[in-house]
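Novice: The structure follows.
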There are 2 protein chains.
Amino acid sequence: MNFLEERIIKDGIVKTGNVLKVDSFLNHQMDISLIEEIAREFKRRFANKTVTKVLTIEASGIGIAAFVAREFGVPMVFAKKSKSVNIDGDMFVAEVESFTHKNRNQVIVSKKFLHEGERVLIIDDFLANGCALQGLISIAESAGCVVEGCGIVIEKGFQYGGRAIRNLGYQIESLAIVDAMDAENGTITFREQ
Amino acid sequence: MNFLEERIIKDGIVKTGNVLKVDSFLNHQMDISLIEEIAREFKRRFANKTVTKVLTIEASGIGIAAFVAREFGVPMVFAKKSKSVNIDGDMFVAEVESFTHKNRNQVIVSKKFLHEGERVLIIDDFLANGCALQGLISIAESAGCVVEGCGIVIEKGFQYGGRAIRNLGYQIESLAIVDAMDAENGTITFREQ
């Protein structure tokens with residue numbers, strides 16, 4: 001087990017409905033030392049890539065993506081989930097369904113911050129059905145960017161998102177892939193990587 | 001002018017309706033070097049405080065608060081803006097009005113992550129009418145925490161939030177206080193600090 005899998009075993013909580021709560025260290029309270037270790041691991045896994053921008057989606061991706069961007073020495077852009085009166089001008093838009101919140105959102109990125117030829121590393125905390133990630137890929141490619149890869153903290157391997165996006169040829173690096181969870185006895189089975 | 005005021009003059013855009021757009025470096029695209037400099041400046045301004053936790057609110061506060069938490073070597077907690085199916089159990093709740101989005105949100109923090117006696121530094125990107133900050137203070141104090149101070153990146157000094165909260169005795173450190181903006185000629189007047 002790697003450092004993240006160990007932490008998930010230690011502090012993650014399995015709930016019925018295939019919910020894995022990691023809110024004590026990842027997506028409500030954040031353990032900054034762990035986030036820095038995650039960022040270094042993404043830098044290692046994408047060491048052979050030229051990355052000019054890190055792209056994520058609000059809210060829980062932001063903290064992780066910020067430290068990944070620091071590792072690469074590039075700016076970070078976070079997609080926003082609904083039209084804000086503070087965003088004007090032209091925007092790239094994708095429609096995204098949220099597994100967690102059971103609703104649909106417009107995901108938007110200002111055209112000022114993604115340009116043709118930029119090499120984008122996409123970062124997010126969770127990958128399940130892949131809707132958010134597909135939205136970010138769609139936005140990056142609408143902008144004429146090259147998607148160098150996708151760094152995911154926790155992938156739910158029993159949902160179809162990761163397989164579908166890998167089948168399209170994208171490099172997804174998930175630091176932990178959960179293949180099964182059992183809420184009754186609290187066990188988590190990770191995929192061997 | 002300090003480093004942030006210089007950056008606002010260089011890259012900020014004044015829009016009608018007292019809107020200051022800083023989305024090219026602070027709250028849509030993030031300049032990570034600038035965020036690190038902001039975090040170091042908050043560490044300097046609150047150097048005499050014992051801080052055990054950094055508290056912010058999603059979404060644009062997260063990236064800044066994460067680096068501030070790193071400076072202090074403590075965890076960061078971000079309040080969430082609506083009830084998520086992934087958050088269960090007891091929560092601290094405050095009602096917050098958004099100036100930007102013209103709506104009202106429930107702001108929530110799990111009771112697991114704020115405890116009696118903790119010494120909290122609150123961080124946010126903007127302070128205008130102060131509703132978000134009041135919500136965070138209210139949540140921290142409901143938890144029995146001591147609010148050691150509030151670190152704000154940009155305060156709109158011509159709105160009443162900062163004055164009202166300072167009058168209650170809280171130490172607010174705003175790295176830039178905008179006293180006036182003129183959309184017609186794009187000028188910004190900062191308060192001398």
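Chain lettering (A, B, ...) mirrors the order of the structure tokens, residue numbering begins at 1 for each chain separately, and ligand numbering begins at 1 in order of display.
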When the cut-off is 8 Å and we count only C-alpha atoms, which residues of chain A are near chain B, given as a ChimeraX atom specification?
Specialist: /A:19,21,24,28-33,58-60,62-63,66,69-70,73-80,84-86,100-101,113
Novice: Can I get the selection written as a tab-separated table (two decimals), in the first residue's frame, with C-alpha atoms?
Specialist:
```tsv
chain	number	residue	atom	x	y	z
A	19	VAL	CA	-19.76	6.42	-0.29
A	21	LYS	CA	-15.78	9.67	3.34
A	24	SER	CA	-11.06	14.41	7.74
A	28	HIS	CA	-13.48	19.23	4.08
A	29	GLN	CA	-10.55	19.30	6.49
A	30	MET	CA	-7.28	19.17	4.55
A	31	ASP	CA	-4.06	17.68	5.89
A	32	ILE	CA	-1.61	19.96	4.12
A	33	SER	CA	1.41	17.65	4.56
A	58	GLU	CA	-14.14	23.81	-7.73
A	59	ALA	CA	-14.31	23.21	-4.87
A	60	SER	CA	-12.37	20.29	-3.44
A	62	ILE	CA	-8.58	23.51	-5.75
A	63	GLY	CA	-6.34	22.84	-2.76
A	66	ALA	CA	-2.71	24.47	-6.25
A	69	ALA	CA	0.81	23.62	-9.92
A	70	ARG	CA	3.49	24.69	-7.45
A	73	GLY	CA	5.90	25.94	-11.49
A	74	VAL	CA	2.85	26.84	-13.57
A	75	PRO	CA	-0.47	28.64	-12.98
A	76	MET	CA	-3.59	26.76	-11.91
A	77	VAL	CA	-7.05	27.38	-13.31
A	78	PHE	CA	-10.19	26.14	-11.60
A	79	ALA	CA	-13.39	25.67	-13.54
A	80	LYS	CA	-16.47	27.17	-11.91
A	84	SER	CA	-21.26	34.09	-11.75
A	85	VAL	CA	-22.00	37.76	-12.30
A	86	ASN	CA	-18.27	38.31	-11.86
A	100	THR	CA	-22.35	13.54	-5.01
A	101	HIS	CA	-24.93	16.26	-5.30
A	113	PHE	CA	-7.07	31.39	-19.27
```
Novice: To test your reading of the structure, identify every residue in segment 73-189 of chain B that backbone DSSP assigns to helix (DSSP H, G or I), and report it as a list in words.
Specialist: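 Answer for segment 73-189 of chain B restricted to helix (DSSP H, G or I) is Cys131, Ala132, Leu133, Gln134, Gly135, Leu136, Ile137, Ser138, Ile139, Ala140, Glu141, Ser142, Gly161, Gly162, Arg163, Ala164, Ile165, Arg166 and Asn167 of chain B.
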Novice: Write out as a PyMOL selection string the residues lying within 7 Å of Ala128 of chain A, counting only C-alpha atoms and excluding same-chain residues fewer than 5 positions away.
Specialist: chain A and resi 155-156+159-161
Novice: With distances taken over only C-alpha atoms, which residue among A:Ile165, A:Ala180, A:Leu121, A:Ile188 lies nearest Arg45 of chain A?
Specialist: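 Nearest candidate to Arg45 of chain A out of A:Ile165, A:Ala180, A:Leu121, A:Ile188: A:Leu121.
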Novice: For segment 4-10 of chain B, list every protein, DNA or RNA residue within 7 Å, evaluated using only C-alpha atoms, and leave out those in the same chain fewer than 3 positions away; present the list as a list of chain:residue names.
Specialist: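 Within the cut-off, the hits are B:Met1, B:Leu175, B:Ala176.
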Novice: Rank nothing, just name the residue among B:Asn105, B:Asn2, B:Glu97, B:Thr50 nearest to Glu192 of chain B, using only C-alpha atoms.
Specialist: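 Checking each of B:Asn105, B:Asn2, B:Glu97, B:Thr50 against Glu192 of chain B, counting only C-alpha atoms, the winner is B:Asn2.
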Novice: In Å, rounded to a single decimal, give me how far atom CA of Met181 of chain B is from atom CA of Gln134 of chain B.
Specialist: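 Distance between the two atoms: 24.5 Å.
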Novice: Find the spatial neighbours of Phe190 of chain B, counting only C-alpha atoms, within a cut-off of 6 Å - ignore same-chain residues fewer than 5 positions away - and output them as an MDAnalysis selection string.
Specialist: chainID B and resid 177:179
Novice: Could you write those residues out with N, CA, C and O atoms, as an mmCIF file, in the first residue's frame?
Specialist:
```cif
data_model
loop_
_atom_site.group_PDB
_atom_site.id
_atom_site.type_symbol
_atom_site.label_atom_id
_atom_site.label_comp_id
_atom_site.auth_asym_id
_atom_site.auth_seq_id
_atom_site.Cartn_x
_atom_site.Cartn_y
_atom_site.Cartn_z
ATOM 1 N N ILE B 177 -6.716 47.264 0.747
ATOM 2 C CA ILE B 177 -8.048 47.826 1.015
ATOM 3 C C ILE B 177 -8.352 48.845 -0.080
ATOM 4 O O ILE B 177 -7.641 49.849 -0.219
ATOM 5 N N VAL B 178 -9.380 48.545 -0.855
ATOM 6 C CA VAL B 178 -9.777 49.429 -1.950
ATOM 7 C C VAL B 178 -10.781 50.434 -1.394
ATOM 8 O O VAL B 178 -11.860 50.048 -0.951
ATOM 9 N N ASP B 179 -10.401 51.711 -1.419
ATOM 10 C CA ASP B 179 -11.322 52.731 -0.904
ATOM 11 C C ASP B 179 -12.206 53.307 -1.991
ATOM 12 O O ASP B 179 -13.277 53.837 -1.715
#
```
Novice: Choose the residue, out of A:Asp182, A:Ala39, A:Phe3, A:Ala132, that has the smallest atom-to-atom separation from Glu95 of chain A; count only C-alpha atoms.
Specialist: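 Checking each of A:Asp182, A:Ala39, A:Phe3, A:Ala132 against Glu95 of chain A, counting only C-alpha atoms, the winner is A:Ala132.
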Novice: Give me the residues near Glu116 of chain A as a VMD selection string, where near means some atom within 8 Å (using only C-alpha atoms) and where sequence neighbours in that chain fewer than 4 positions away do not count.
Specialist: chain A and resid 143 to 145
Novice: Write to file, as a JSON list (two decimals), in the first residue's frame, the residues of the selection just made, with C-alpha atoms.
Specialist:
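The result, stored in selection15.json:
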```json
[["chain", "number", "residue", "atom", "x", "y", "z"],
["A", 143, "ALA", "CA", -9.55, 25.58, -26.15],
["A", 144, "GLY", "CA", -7.11, 23.73, -28.41],
["A", 145, "CYS", "CA", -5.04, 22.58, -25.44]]
```
Novice: Quick check, in Å to one decimal: how far apart do atom CA of Val146 of chain B and atom CA of Gly117 of chain B lie?
Specialist: 6.3 Å
Novice: Can you tell me how far atom CA of Ser174 of chain A sits from atom CA of Ile122 of chain A, in Å to one decimal?
Specialist: 11.7 Å
Novice: Env of Ala164 of chain B: 10 Å cut, atoms = only C-alpha atoms, seq-sep filter 6 positions within chain, self excluded. Answer as a VMD selection string.
Specialist: chain B and resid 129 to 130 134 170
